[in-house]
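Trainee: So I've got this file, upload01.cif, and it contains mmCIF, C-alpha atoms and all ligand atoms:
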data_query
#
loop_
_atom_site.label_atom_id
_atom_site.label_comp_id
_atom_site.auth_asym_id
_atom_site.auth_seq_id
_atom_site.Cartn_x
_atom_site.Cartn_y
_atom_site.Cartn_z
CA MET A 1 -10.22 11.07 21.73
CA GLY A 2 -9.71 11.74 17.99
CA VAL A 3 -7.13 9.77 16.03
CA GLU A 4 -5.00 12.93 15.57
CA ALA A 5 -4.41 13.14 19.33
CA ALA A 6 -2.50 9.85 19.37
CA TYR A 7 -1.10 9.57 15.84
CA SER A 8 0.47 11.92 13.31
CA ILE A 9 1.09 11.77 9.56
CA GLU A 10 4.73 12.37 8.62
CA PRO A 11 6.94 12.12 5.51
CA VAL A 12 8.72 8.83 4.77
CA ARG A 13 12.52 8.56 4.89
CA PRO A 14 14.81 5.63 3.98
CA ASP A 15 15.72 5.32 7.70
CA ASP A 16 12.10 4.33 8.39
CA ALA A 17 12.67 1.02 6.56
CA LYS A 18 12.41 -1.29 9.62
CA GLY A 19 9.22 0.34 10.91
CA LEU A 20 7.65 0.45 7.46
CA ALA A 21 8.50 -3.20 6.76
CA THR A 22 7.07 -4.27 10.14
CA THR A 23 3.82 -2.38 9.51
CA MET A 24 3.35 -3.47 5.89
CA MET A 25 4.26 -7.12 6.25
CA SER A 26 2.42 -7.64 9.58
CA ALA A 27 -0.70 -6.04 8.06
CA PHE A 28 -0.72 -8.22 4.93
CA TYR A 29 0.40 -11.35 6.80
CA GLN A 30 -3.09 -11.40 8.36
CA GLU A 31 -4.48 -12.16 4.90
CA LEU A 32 -4.39 -15.89 4.13
CA HIS A 33 -4.13 -15.58 0.34
CA TRP A 34 -1.19 -13.20 0.60
CA ARG A 35 0.49 -15.32 3.25
CA SER A 36 0.29 -18.42 1.04
CA LEU A 37 2.62 -16.73 -1.48
CA TRP A 38 5.45 -17.29 1.02
CA HIS A 39 5.04 -21.04 1.63
CA GLY A 40 5.61 -20.77 5.37
CA LYS A 41 8.46 -18.22 5.43
CA PRO A 42 8.26 -16.72 8.95
CA LEU A 43 7.01 -13.15 9.32
CA ASP A 44 10.22 -11.92 10.99
CA GLU A 45 12.28 -13.13 8.00
CA ILE A 46 9.88 -11.48 5.55
CA ILE A 47 10.19 -8.24 7.55
CA HIS A 48 13.99 -8.48 7.67
CA ASP A 49 14.30 -8.86 3.90
CA THR A 50 11.69 -6.19 3.16
CA ALA A 51 13.48 -3.69 5.43
CA ASN A 52 16.64 -4.25 3.42
CA ARG A 53 14.89 -3.65 0.10
CA ILE A 54 12.91 -0.54 1.09
CA PRO A 55 15.61 2.21 1.04
CA TRP A 56 16.66 1.36 -2.54
CA ASN A 57 13.03 1.16 -3.65
CA LEU A 58 12.26 4.53 -2.05
CA VAL A 59 15.08 6.38 -3.79
CA THR A 60 14.71 4.73 -7.22
CA ASN A 61 10.94 4.57 -7.62
CA GLY A 62 10.72 7.57 -9.92
CA PRO A 63 9.19 11.04 -9.70
CA LEU A 64 5.49 10.10 -9.45
CA ARG A 65 5.39 8.08 -6.21
CA ARG A 66 4.35 9.79 -2.98
CA TYR A 67 4.67 8.34 0.52
CA GLN A 68 3.27 9.01 3.98
CA LYS A 69 3.65 7.23 7.28
CA VAL A 70 1.73 7.41 10.52
CA VAL A 71 3.67 7.51 13.77
CA ALA A 72 2.29 6.72 17.25
CA LYS A 73 3.02 9.82 19.32
CA ASP A 74 3.66 7.91 22.56
CA SER A 75 6.22 5.40 21.21
CA GLY A 76 7.50 7.10 18.04
CA GLU A 77 6.85 3.83 16.16
CA VAL A 78 5.69 3.67 12.55
CA VAL A 79 2.19 2.15 12.56
CA GLY A 80 0.73 3.14 9.18
CA TYR A 81 1.90 3.58 5.59
CA ALA A 82 0.43 4.80 2.31
CA ARG A 83 1.93 4.97 -1.18
CA TRP A 84 0.32 6.90 -4.03
CA ILE A 85 1.06 7.35 -7.74
CA LEU A 86 0.41 10.72 -9.39
CA PRO A 87 -0.47 11.17 -13.08
CA GLU A 88 2.51 12.06 -15.30
CA ASP A 89 1.68 15.73 -15.67
CA LEU A 90 1.78 16.27 -11.88
CA GLU A 91 5.35 15.23 -11.15
CA ASN A 92 5.98 18.40 -9.11
CA CYS A 93 2.81 18.12 -7.05
CA TRP A 94 2.68 17.20 -3.32
CA PRO A 95 6.40 17.79 -2.60
CA ALA A 96 6.00 17.10 1.15
CA ALA A 97 5.29 13.43 0.37
CA ARG A 98 8.38 12.96 -1.80
CA VAL A 99 11.37 11.01 -0.54
CA PRO A 100 14.46 13.26 -0.64
CA GLU A 101 17.30 12.35 -2.98
CA VAL A 102 20.47 10.85 -1.48
CA ASP A 103 24.12 11.09 -2.54
CA GLU A 104 25.76 8.48 -4.75
CA ASP A 105 27.56 6.61 -1.95
CA THR A 106 24.37 6.29 0.06
CA GLN A 107 22.52 5.07 -2.99
CA LYS A 108 25.22 2.45 -3.62
CA GLU A 109 24.90 1.25 -0.02
CA TYR A 110 21.11 0.97 -0.44
CA GLU A 111 21.61 -1.02 -3.61
CA ARG A 112 24.05 -3.36 -1.86
CA ARG A 113 21.52 -3.98 0.92
CA TYR A 114 18.75 -4.54 -1.62
CA ARG A 115 20.77 -7.10 -3.58
CA SER A 116 21.93 -8.88 -0.41
CA VAL A 117 18.40 -10.21 0.21
CA LEU A 118 17.54 -11.38 -3.32
CA ASP A 119 17.89 -14.82 -4.80
CA ALA A 120 18.25 -15.73 -8.49
CA ASP A 121 14.52 -15.07 -9.13
CA GLY A 122 14.20 -11.85 -7.12
CA ILE A 123 12.51 -11.52 -3.71
CA ARG A 124 13.67 -14.59 -1.82
CA GLY A 125 11.03 -16.94 -0.45
CA LEU A 126 8.21 -15.47 -2.56
CA ASP A 127 6.52 -17.78 -5.07
CA HIS A 128 7.14 -15.57 -8.10
CA GLN A 129 5.15 -17.64 -10.55
CA MET A 130 2.12 -17.59 -8.27
CA ALA A 131 2.47 -13.87 -7.56
CA GLN A 132 2.71 -13.03 -11.26
CA GLU A 133 -0.13 -15.32 -12.25
CA LEU A 134 -2.44 -13.70 -9.67
CA SER A 135 -1.46 -10.10 -10.28
CA ALA A 136 -1.80 -10.37 -14.10
CA ALA A 137 -5.62 -10.52 -13.98
CA ILE A 138 -5.79 -7.70 -11.42
CA ASP A 139 -3.46 -5.46 -13.45
CA GLU A 140 -5.54 -6.17 -16.55
CA SER A 141 -8.73 -5.17 -14.77
CA GLU A 142 -7.12 -1.96 -13.50
CA GLU A 143 -5.94 -1.05 -17.01
CA ARG A 144 -9.42 -1.73 -18.40
CA VAL A 145 -11.02 0.52 -15.77
CA LYS A 146 -8.57 3.33 -16.56
CA LYS A 147 -9.22 3.02 -20.28
CA ASP A 148 -13.00 2.80 -19.95
CA ASN A 149 -13.21 5.79 -17.60
CA GLY A 150 -10.54 7.99 -19.18
CA GLY A 151 -9.08 11.06 -17.54
CA ARG A 152 -6.40 11.46 -14.89
CA PHE A 153 -6.02 9.28 -11.82
CA LEU A 154 -4.35 9.35 -8.46
CA ILE A 155 -3.67 5.70 -7.65
CA LEU A 156 -3.59 4.40 -4.10
CA ASP A 157 -0.82 1.84 -4.58
CA TYR A 158 -0.44 0.60 -0.97
CA LEU A 159 -2.20 1.13 2.34
CA ALA A 160 -1.35 -0.72 5.53
CA VAL A 161 -1.88 -0.25 9.24
CA HIS A 162 -0.08 -2.38 11.83
CA PRO A 163 -2.52 -4.98 13.26
CA ASP A 164 -2.00 -3.64 16.83
CA HIS A 165 -3.25 -0.22 15.72
CA GLN A 166 -6.06 -1.08 13.30
CA ARG A 167 -9.67 0.16 13.65
CA GLN A 168 -8.68 3.41 15.33
CA GLY A 169 -8.98 5.61 12.28
CA ILE A 170 -5.37 5.51 11.00
CA GLY A 171 -6.25 4.02 7.61
CA GLY A 172 -8.95 6.65 7.19
CA MET A 173 -6.54 9.42 8.16
CA LEU A 174 -4.00 8.33 5.50
CA LEU A 175 -6.70 7.81 2.91
CA ARG A 176 -8.24 11.26 3.39
CA SER A 177 -4.82 12.91 3.19
CA GLY A 178 -4.37 11.60 -0.36
CA LEU A 179 -7.99 12.27 -1.29
CA SER A 180 -7.54 15.96 -0.49
CA VAL A 181 -4.65 16.06 -3.01
CA ALA A 182 -6.90 14.34 -5.57
CA ASP A 183 -9.65 16.88 -4.98
CA GLU A 184 -7.33 19.90 -5.23
CA ASN A 185 -6.11 18.59 -8.59
CA HIS A 186 -9.45 17.31 -9.91
CA LEU A 187 -8.29 13.70 -10.12
CA LYS A 188 -10.21 10.45 -10.02
CA VAL A 189 -8.82 7.95 -7.51
CA LEU A 190 -8.28 4.26 -8.20
CA VAL A 191 -7.54 1.44 -5.78
CA ASN A 192 -7.51 -2.37 -5.77
CA ALA A 193 -9.27 -3.41 -2.60
CA ARG A 194 -9.41 -6.59 -0.61
CA THR A 195 -12.32 -7.36 1.71
CA GLN A 196 -10.70 -5.71 4.73
CA GLY A 197 -10.47 -2.33 3.02
CA MET A 198 -13.89 -2.30 1.30
CA GLU A 199 -15.92 -0.54 3.96
CA LEU A 200 -13.30 2.13 4.56
CA TYR A 201 -13.19 2.95 0.85
CA GLY A 202 -16.98 2.86 0.52
CA ARG A 203 -17.32 5.38 3.33
CA ASN A 204 -14.89 7.68 1.55
CA GLY A 205 -16.70 7.89 -1.77
CA PHE A 206 -15.34 4.91 -3.73
CA HIS A 207 -17.54 2.74 -5.95
CA LYS A 208 -16.85 -0.79 -7.20
CA VAL A 209 -16.34 -0.80 -10.97
CA ASP A 210 -14.87 -4.26 -11.45
CA GLU A 211 -14.10 -7.40 -9.50
CA VAL A 212 -11.57 -10.20 -9.94
CA VAL A 213 -12.49 -13.49 -8.25
CA GLN A 214 -9.66 -16.01 -8.16
CA GLU A 215 -10.32 -19.59 -7.02
CA ARG A 216 -7.14 -21.58 -6.57
CA PRO A 217 -7.64 -24.84 -4.64
CA GLN A 218 -4.24 -25.90 -6.06
CA TYR A 219 -2.67 -23.24 -3.79
CA GLY A 220 -4.49 -24.71 -0.76
CA TRP A 221 -7.12 -21.94 -0.70
CA THR A 222 -10.53 -22.81 0.71
CA GLU A 223 -11.95 -19.39 -0.21
CA PRO A 224 -11.49 -17.43 -3.45
CA GLN A 225 -9.41 -14.26 -3.39
CA VAL A 226 -11.69 -11.35 -4.24
CA THR A 227 -10.13 -8.09 -5.44
CA ALA A 228 -12.42 -5.16 -6.18
CA VAL A 229 -11.29 -2.34 -8.43
CA LEU A 230 -12.72 0.80 -6.88
CA LEU A 231 -13.03 4.26 -8.33
CA ARG A 232 -13.74 7.61 -6.71
CA PHE A 233 -14.93 10.21 -9.19
CA VAL A 234 -13.70 13.80 -9.23
CA GLN A 235 -15.36 15.65 -6.37
CA SER A 236 -16.63 19.09 -7.28
CA ASN A 237 -16.34 21.59 -4.44
C1 LIG B 301 -7.47 -1.88 5.52
C2 LIG B 301 -6.66 -1.18 6.61
C3 LIG B 301 -5.60 -0.32 5.95
C4 LIG B 301 -7.60 -0.33 7.45
O1 LIG B 301 -6.83 0.39 8.40
P1 LIG B 301 -7.48 0.90 9.78
O2 LIG B 301 -6.54 1.83 10.43
O3 LIG B 301 -7.96 -0.26 10.55
O4 LIG B 301 -8.71 1.73 9.19
P2 LIG B 301 -9.71 2.70 9.97
O5 LIG B 301 -9.60 2.46 11.46
O6 LIG B 301 -9.55 4.06 9.48
O7 LIG B 301 -11.10 2.15 9.44
C5 LIG B 301 -11.44 0.91 9.85
C6 LIG B 301 -12.68 0.47 9.11
O8 LIG B 301 -12.29 -0.47 8.12
C7 LIG B 301 -13.13 -1.62 8.23
N1 LIG B 301 -12.30 -2.73 8.73
C8 LIG B 301 -11.09 -2.67 9.29
N2 LIG B 301 -10.66 -3.90 9.60
C9 LIG B 301 -11.62 -4.74 9.21
C10 LIG B 301 -11.78 -6.14 9.26
N3 LIG B 301 -10.84 -6.95 9.77
N4 LIG B 301 -12.90 -6.67 8.75
C11 LIG B 301 -13.86 -5.88 8.25
N5 LIG B 301 -13.78 -4.54 8.18
C12 LIG B 301 -12.67 -3.98 8.65
C13 LIG B 301 -14.23 -1.25 9.19
O9 LIG B 301 -15.26 -0.64 8.47
C14 LIG B 301 -13.56 -0.25 10.08
O10 LIG B 301 -14.41 0.67 10.67
P3 LIG B 301 -14.88 0.44 12.19
O11 LIG B 301 -13.63 0.25 13.00
O12 LIG B 301 -15.59 1.72 12.52
O13 LIG B 301 -15.76 -0.78 12.14
C15 LIG B 301 -6.00 -2.21 7.56
O14 LIG B 301 -7.00 -3.08 8.05
C16 LIG B 301 -4.90 -3.05 6.91
O15 LIG B 301 -3.75 -2.65 6.88
N6 LIG B 301 -5.25 -4.24 6.42
C17 LIG B 301 -4.31 -5.17 5.83
C18 LIG B 301 -3.77 -4.67 4.52
C19 LIG B 301 -4.88 -4.26 3.57
O16 LIG B 301 -5.87 -4.97 3.42
N7 LIG B 301 -4.67 -3.07 2.98
C20 LIG B 301 -5.65 -2.46 2.10
C21 LIG B 301 -5.64 -3.12 0.80
S1 LIG B 301 -7.22 -2.86 0.12
#
Output the structure of this file as structure tokens.
Ligand SMILES: CC(C)(COP(=O)(O)OP(=O)(O)OC[C@H]1O[C@@H](n2cnc3c(N)ncnc32)[C@H](O)[C@@H]1OP(=O)(O)O)[C@@H](O)C(=O)NCCC(=O)NCCS
Mentor:
Amino acid sequence: MGVEAAYSIEPVRPDDAKGLATTMMSAFYQELHWRSLWHGKPLDEIIHDTANRIPWNLVTNGPLRRYQKVVAKDSGEVVGYARWILPEDLENCWPAARVPEVDEDTQKEYERRYRSVLDADGIRGLDHQMAQELSAAIDESEERVKKDNGGRFLILDYLAVHPDHQRQGIGGMLLRSGLSVADENHLKVLVNARTQGMELYGRNGFHKVDEVVQERPQYGWTEPQVTAVLLRFVQSN
């Protein structure tokens, strides 16, 4: 049975927040380096807070972000999520993956919910210093790759599949949906990949152009965190 028989790609709405948070946080919670950023905060609390932040993020993230979710046809549950960033000159492209605007009262309510789960430093329970220290080197590498390669990029900013639904083709389905937009618009595609995603990206035409290896025994890590910056060149039809 093909993946499309059991799962469908659909647009993302602010009301999807609980399902999106469950999928995203459960997927990344499997990864020990990521989990260590939370110093033992339980997954259900991370999901709760994330679900409260998502609606505000979705409606304030600007005109270049695009979102898709995958829903299991039998249960109606959200089991996959992808977020993309278009280049600035394509702000009207791919309208089906835009989150619709909401009225002012709704936006205020989203903002209230967002602020209700923050502490003085921002996302509560997250080690902000550690998160910033780690992401700085990865952001730098990504910027270098963009500069060295030039041109216009579609960026895959987030990809997650719920652990109960992994290895059934959902990640590939979401990935190829964005790649078809890249191909129609003659864009290169950039992604930061962890080990779990490497093979999937390799199979879909990505090449490793840089790698950031971070060893941090002071964070309790026994293995380095390896982030590959992957590029897919413009595909000519
Ligand atoms: C990476 C991820 C999105 C893949 O989603 P998926 O629905 O399982 O992907 P697909 O079923 O389309 O493809 C799976 C392929 O990815 C690779 N893969 C998936 N899980 C893997 C794992 N734990 N270890 C090694 N390879 C893995 C395999 O090549 C697999 O193909 P196979 O099942 O034929 O062996 C999912 O594992 C995930 O959400 N991981 C946690 C978050 C994350 O790492 N996101 C990506 C950041 S780079």
Trainee: May I ask you to write as a list in words all residues lying at most 6 Å from ligand LIG 301 (chain B), with only C-alpha atoms and all ligand atoms counted?
Mentor: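 Listing the residues within 6 Å of ligand LIG 301 (chain B) gives Ala27, Phe28, Leu159, Ala160, Val161, Gln166, Arg167, Gln168, Gly169, Ile170, Gly171, Gly172, Asn192, Ala193, Arg194, Gln196, Gly197, Glu199 and Leu200 of chain A.
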Trainee: From the list A:Leu37, A:Asp164, A:Ala97, A:Gly80, which residue is nearest A:Gln132 when using all atoms listed in the file?
Mentor: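 Closest residue, counting all atoms listed in the file: A:Leu37.
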Trainee: One decimal, Å: what's the distance from atom CA of A:Asp15 over to atom CA of A:Pro95, could you say?
Mentor: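 So the two atoms, atom CA of A:Asp15 and atom CA of A:Pro95, lie 18.7 Å apart.
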Trainee: Using all atoms listed in the file, pick whichever of A:His48, A:Arg83, A:His33, A:Arg203 has the shortest atom-to-atom distance to A:Ala21.
Mentor: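 Checking each of A:His48, A:Arg83, A:His33, A:Arg203 against A:Ala21, counting all atoms listed in the file, the winner is A:His48.
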Trainee: Neighbours of A:Glu133 within 12 Å (only C-alpha atoms; same-chain residues fewer than 4 positions away dropped), as a VMD selection string?
Mentor: chain A and resid 37 127 to 129 137 to 140 214 216 219
Trainee: Suppose you want the space between atom CA of A:Leu64 and atom CA of A:Leu175; what is it in Å?
Mentor: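 Between these atoms lies a distance of 17.5 Å.
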Trainee: So, with all atoms listed in the file as the atoms that count, which of A:Lys18, A:Lys208, A:Lys146, A:His162 lies closest to A:Glu45?
Mentor: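 Among the listed residues, the smallest separation from A:Glu45 belongs to A:Lys18.
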Trainee: If I take atom CA of A:Arg65 and atom CA of A:Leu86, how far is one from the other in Å, to one decimal?
Mentor: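 Between atom CA of A:Arg65 and atom CA of A:Leu86 the gap works out to 6.5 Å.
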Trainee: Could you check which of A:Arg152, A:Arg115, A:Arg144, A:Lys73 is closest to A:Pro87, using only C-alpha atoms?
Mentor: A:Arg152
